[in-house]
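Here is the file final10.pdb (PDB, C-alpha atoms).
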```
ATOM      1  CA  MET A   1      -3.509 -35.035  39.884
ATOM      2  CA  LYS A   2      -1.687 -35.473  36.564
ATOM      3  CA  LYS A   3      -5.010 -35.397  34.755
ATOM      4  CA  ARG A   4      -5.896 -31.989  36.269
ATOM      5  CA  TYR A   5      -2.467 -30.655  35.403
ATOM      6  CA  LEU A   6      -2.798 -31.779  31.760
ATOM      7  CA  ILE A   7      -6.286 -30.263  31.513
ATOM      8  CA  PHE A   8      -4.951 -26.996  32.979
ATOM      9  CA  VAL A   9      -2.029 -26.890  30.519
ATOM     10  CA  PHE A  10      -4.382 -27.712  27.647
ATOM     11  CA  CYS A  11      -6.768 -24.895  28.652
ATOM     12  CA  ILE A  12      -3.890 -22.394  28.846
ATOM     13  CA  ALA A  13      -2.694 -23.471  25.399
ATOM     14  CA  VAL A  14      -6.195 -23.027  23.948
ATOM     15  CA  VAL A  15      -6.528 -19.559  25.495
ATOM     16  CA  LEU A  16      -3.111 -18.514  24.122
ATOM     17  CA  LEU A  17      -4.054 -19.816  20.677
ATOM     18  CA  ILE A  18      -7.338 -17.897  20.677
ATOM     19  CA  VAL A  19      -5.619 -14.697  21.823
ATOM     20  CA  SER A  20      -2.935 -14.990  19.136
ATOM     21  CA  LEU A  21      -5.543 -15.568  16.413
ATOM     22  CA  THR A  22      -7.685 -12.594  17.429
ATOM     23  CA  GLU A  23      -4.822 -10.196  18.105
ATOM     24  CA  VAL A  24      -4.950  -7.072  15.948
ATOM     25  CA  ARG A  25      -1.974  -7.133  13.624
ATOM     26  CA  ASP A  26      -0.473  -4.233  11.740
ATOM     27  CA  GLU A  27      -0.540  -5.481   8.171
ATOM     28  CA  SER A  28       0.504  -2.275   6.488
ATOM     29  CA  ILE A  29       1.416  -2.489   2.836
ATOM     30  CA  VAL A  30       3.782   0.488   3.179
ATOM     31  CA  LEU A  31       7.295  -0.635   4.021
ATOM     32  CA  ILE A  32       9.230   2.599   3.584
ATOM     33  CA  LYS A  33      10.030   5.702   5.637
ATOM     34  CA  PRO A  34       9.756   9.298   4.306
ATOM     35  CA  ASP A  35      13.476  10.008   4.755
ATOM     36  CA  GLU A  36      14.266   7.097   2.405
ATOM     37  CA  VAL A  37      12.379   8.703  -0.488
ATOM     38  CA  VAL A  38      13.620  11.292  -2.987
ATOM     39  CA  ASN A  39      10.237  11.696  -4.659
ATOM     40  CA  ALA A  40       6.960   9.882  -5.220
ATOM     41  CA  GLU A  41       5.181   9.728  -8.564
ATOM     42  CA  ILE A  42       1.463   9.025  -8.573
ATOM     43  CA  TYR A  43       0.018   7.968 -11.924
ATOM     44  CA  ASN A  44      -3.753   7.928 -12.380
ATOM     45  CA  PHE A  45      -3.658   4.647 -14.298
ATOM     46  CA  VAL A  46      -2.025   1.259 -13.943
ATOM     47  CA  LEU A  47       1.317   0.831 -15.663
ATOM     48  CA  PRO A  48       1.756  -0.083 -18.418
ATOM     49  CA  SER A  49      -1.276   1.579 -19.931
ATOM     50  CA  ASN A  50      -2.780   1.263 -23.373
ATOM     51  CA  ASP A  51      -4.774   4.449 -22.908
ATOM     52  CA  GLY A  52      -3.722   7.767 -24.355
ATOM     53  CA  ASP A  53      -4.627   9.745 -21.224
ATOM     54  CA  LEU A  54      -1.590   9.271 -19.027
ATOM     55  CA  GLN A  55      -1.223  11.697 -16.131
ATOM     56  CA  MET A  56       1.016  11.911 -13.091
ATOM     57  CA  ILE A  57       1.948  14.137 -10.207
ATOM     58  CA  ASN A  58       5.487  14.257  -8.863
ATOM     59  CA  ILE A  59       5.629  14.725  -5.078
ATOM     60  CA  THR A  60       8.972  16.175  -3.997
ATOM     61  CA  GLU A  61       8.468  17.789  -0.579
ATOM     62  CA  THR A  62       9.378  15.547   2.371
ATOM     63  CA  LYS A  63       6.278  16.592   4.324
ATOM     64  CA  ASP A  64       4.061  15.653   1.372
ATOM     65  CA  ILE A  65       5.854  12.316   0.914
ATOM     66  CA  ALA A  66       5.258  11.661   4.633
ATOM     67  CA  HIS A  67       1.580  12.581   4.110
ATOM     68  CA  VAL A  68       1.311  10.100   1.215
ATOM     69  CA  LEU A  69       2.965   7.324   3.243
ATOM     70  CA  THR A  70       0.794   8.011   6.292
ATOM     71  CA  ASN A  71      -2.362   7.794   4.187
ATOM     72  CA  LEU A  72      -1.205   4.682   2.356
ATOM     73  CA  SER A  73      -0.443   2.989   5.676
ATOM     74  CA  GLU A  74      -4.211   3.049   6.337
ATOM     75  CA  ILE A  75      -4.719   0.604   3.455
ATOM     76  CA  LYS A  76      -4.844  -2.930   4.812
ATOM     77  CA  PRO A  77      -4.944  -6.287   3.049
ATOM     78  CA  LYS A  78      -8.386  -7.895   2.899
ATOM     79  CA  ASP A  79      -9.734 -11.003   1.277
ATOM     80  CA  GLU A  80     -12.485  -9.015  -0.415
ATOM     81  CA  GLY A  81     -11.198  -5.617  -1.466
ATOM     82  CA  LEU A  82     -13.451  -2.934  -2.826
ATOM     83  CA  SER A  83     -12.588  -1.087  -6.016
ATOM     84  CA  LEU A  84     -13.106   2.422  -4.701
ATOM     85  CA  ASP A  85     -10.173   4.382  -6.018
ATOM     86  CA  GLY A  86      -9.984   3.808  -9.730
ATOM     87  CA  ASP A  87      -6.625   2.658 -11.066
ATOM     88  CA  TYR A  88      -3.371   4.189  -9.830
ATOM     89  CA  SER A  89       0.325   3.422  -9.775
ATOM     90  CA  ILE A  90       2.657   4.938  -7.206
ATOM     91  CA  ILE A  91       6.420   4.892  -7.569
ATOM     92  CA  PHE A  92       8.651   5.769  -4.635
ATOM     93  CA  ASN A  93      12.135   6.660  -5.870
ATOM     94  CA  LYS A  94      14.501   5.943  -2.993
ATOM     95  CA  ASN A  95      17.726   7.676  -1.964
ATOM     96  CA  ASP A  96      19.764   4.587  -2.836
ATOM     97  CA  GLY A  97      18.581   4.640  -6.467
ATOM     98  CA  SER A  98      16.060   1.814  -6.091
ATOM     99  CA  ARG A  99      12.310   2.221  -6.310
ATOM    100  CA  LEU A 100       9.187   0.733  -4.838
ATOM    101  CA  VAL A 101       6.180   0.358  -7.107
ATOM    102  CA  TYR A 102       2.572   0.027  -5.966
ATOM    103  CA  MET A 103      -0.019  -0.739  -8.661
ATOM    104  CA  TYR A 104      -3.659  -0.542  -7.598
ATOM    105  CA  GLU A 105      -6.203  -1.875 -10.080
ATOM    106  CA  ARG A 106      -9.842  -2.758  -9.424
ATOM    107  CA  GLY A 107      -9.344  -3.396  -5.708
ATOM    108  CA  THR A 108      -6.153  -5.437  -6.134
ATOM    109  CA  LEU A 109      -2.738  -4.157  -5.144
ATOM    110  CA  THR A 110       0.533  -5.469  -6.572
ATOM    111  CA  THR A 111       3.823  -4.195  -5.187
ATOM    112  CA  SER A 112       7.429  -4.549  -6.226
ATOM    113  CA  THR A 113       8.059  -6.000  -2.755
ATOM    114  CA  GLY A 114       6.046  -9.088  -3.675
ATOM    115  CA  PHE A 115       2.625  -8.325  -2.182
ATOM    116  CA  LYS A 116      -0.384  -9.093  -4.359
ATOM    117  CA  GLY A 117      -3.873  -9.130  -2.981
ATOM    118  CA  ARG A 118      -7.238  -7.534  -2.534
ATOM    119  CA  ILE A 119      -7.356  -4.422  -0.380
ATOM    120  CA  THR A 120      -9.930  -1.995   0.900
ATOM    121  CA  SER A 121      -8.819   1.599   0.552
ATOM    122  CA  ASP A 122     -11.878   3.830   1.101
ATOM    123  CA  ASN A 123     -10.813   6.241  -1.675
ATOM    124  CA  ILE A 124      -7.488   7.027   0.008
ATOM    125  CA  ILE A 125      -5.527   7.199  -3.251
ATOM    126  CA  ASN A 126      -8.255   9.231  -4.957
ATOM    127  CA  ARG A 127      -8.148  11.778  -2.141
ATOM    128  CA  LEU A 128      -4.350  11.944  -2.297
ATOM    129  CA  TRP A 129      -4.484  12.618  -6.033
ATOM    130  CA  ALA A 130      -7.087  15.356  -5.596
ATOM    131  CA  GLY A 131      -5.653  16.873  -2.418
ATOM    132  CA  LEU A 132      -1.955  17.233  -3.161
ATOM    133  CA  ASP A 133      -1.007  20.645  -4.497
ATOM    134  CA  TYR A 134       1.219  19.547  -7.377
ATOM    135  CA  PRO A 135       0.665  20.168 -11.073
ATOM    136  CA  VAL A 136      -0.810  17.327 -13.080
ATOM    137  CA  GLN A 137       1.550  16.388 -15.892
ATOM    138  CA  ASN A 138       0.545  14.621 -19.079
ATOM    139  CA  VAL A 139       2.998  11.876 -19.948
ATOM    140  CA  THR A 140       3.464   9.619 -22.940
ATOM    141  CA  GLU A 141       4.389   5.933 -23.009
ATOM    142  CA  ASN A 142       7.928   6.972 -24.022
ATOM    143  CA  GLU A 143       8.311   9.071 -20.864
ATOM    144  CA  LEU A 144       7.385   6.265 -18.486
ATOM    145  CA  PRO A 145      10.111   4.591 -16.432
ATOM    146  CA  SER A 146      11.539   1.663 -18.381
ATOM    147  CA  ASP A 147      11.670  -0.813 -15.503
ATOM    148  CA  MET A 148       7.944  -0.953 -14.811
TER     149      MET A 148
END
```

If you convert what's in this file into structure tokens, what do you get?
Amino acid sequence: MKKRYLIFVFCIAVVLLIVSLTEVRDESIVLIKPDEVVNAEIYNFVLPSNDGDLQMINITETKDIAHVLTNLSEIKPKDEGLSLDGDYSIIFNKNDGSRLVYMYERGTLTTSTGFKGRITSDNIINRLWAGLDYPVQNVTENELPSDM
């Protein structure tokens, strides 16, 4: 009787372990809400850059910031990311004066929140850059935020 009970408990434990390992987890890299953001700056290069062609768009409308965050939440960590977007940096300037920085280079994302890893993005950042109706601004190294 004890042997059957132990086998039953063991089987339940194995099933629970398998379920927990296969459970779909939300591993979003975006850890901010639109109402926390004053503006978002998207740079079409990785900061700091040695290139002379530095461009950015400054997203200021709350609905557009929400659109950016919604799209970025589709990017999930992967062991083997694909370099589909080119190189971009995104800075979210928050209401409290702090900022979150996301640097995407050759399929690897580094954030100011401590995440660093390969991601698959399916051209999400590229489409954001092309689809947002904000003027592209040329910037120089001197105009870049100093804490990057």

Could you check the closest approach to Ser98 (chain A) for each of A:Gly114, A:His67, A:Ile119, A:Val37 and tell me which residue wins, using only C-alpha atoms?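 Closest candidate: A:Val37.
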
In Å and to one decimal, CA of Val30 (chain A) is distant from CA of Ala66 (chain A) by 11.4 Å

How far is it from CA of Met103 (chain A) to CA of Pro34 (chain A), in Å with one decimal? 19.1 Å

Quick one: residues within 10 Å of Phe115 (chain A), only C-alpha atoms counted, chain neighbours fewer than 5 positions away excluded, as a count of residues only? 5

Do you know which residues lie at most 8 Å from (4.4, -1.6, -10.0), with coordinates as in the file and only C-alpha atoms counted, and could you write them as a short mmCIF file (atom, residue, chain, number, x, y, z; two decimals) with C-alpha atoms, in the coordinates of the input?
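Result file follows (point-v7.cif):
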```cif
data_model
loop_
_atom_site.label_atom_id
_atom_site.label_comp_id
_atom_site.auth_asym_id
_atom_site.auth_seq_id
_atom_site.Cartn_x
_atom_site.Cartn_y
_atom_site.Cartn_z
CA LEU A 47 1.32 0.83 -15.66
CA SER A 89 0.32 3.42 -9.78
CA ILE A 90 2.66 4.94 -7.21
CA ILE A 91 6.42 4.89 -7.57
CA LEU A 100 9.19 0.73 -4.84
CA VAL A 101 6.18 0.36 -7.11
CA TYR A 102 2.57 0.03 -5.97
CA MET A 103 -0.02 -0.74 -8.66
CA THR A 110 0.53 -5.47 -6.57
CA THR A 111 3.82 -4.20 -5.19
CA SER A 112 7.43 -4.55 -6.23
CA MET A 148 7.94 -0.95 -14.81
#
```

Return as a ChimeraX atom specification the set of residues that the PyMOL selection byres ((chain A and resi 96) around 12) yields on the displayed structure. /A:35-38,92-95,97-100

Selection: 7 Å around Asn138 (chain A), only C-alpha atoms, excl. self and same-chain fewer than 3 positions, as a ChimeraX atom specification: /A:54-56

Could you list the residues chosen by the PyMOL selection byres ((chain A and resi 133) around 12) in this structure as a VMD selection string? chain A and resid 57 to 61 64 127 to 132 134 to 136

Keeping only C-alpha atoms, write those residues as a tab-separated table (two decimals), keeping the file's coordinate frame.
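Below is the file result10.tsv, written as the result:
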```
chain	number	residue	atom	x	y	z
A	57	ILE	CA	1.95	14.14	-10.21
A	58	ASN	CA	5.49	14.26	-8.86
A	59	ILE	CA	5.63	14.72	-5.08
A	60	THR	CA	8.97	16.18	-4.00
A	61	GLU	CA	8.47	17.79	-0.58
A	64	ASP	CA	4.06	15.65	1.37
A	127	ARG	CA	-8.15	11.78	-2.14
A	128	LEU	CA	-4.35	11.94	-2.30
A	129	TRP	CA	-4.48	12.62	-6.03
A	130	ALA	CA	-7.09	15.36	-5.60
A	131	GLY	CA	-5.65	16.87	-2.42
A	132	LEU	CA	-1.96	17.23	-3.16
A	134	TYR	CA	1.22	19.55	-7.38
A	135	PRO	CA	0.66	20.17	-11.07
A	136	VAL	CA	-0.81	17.33	-13.08
```
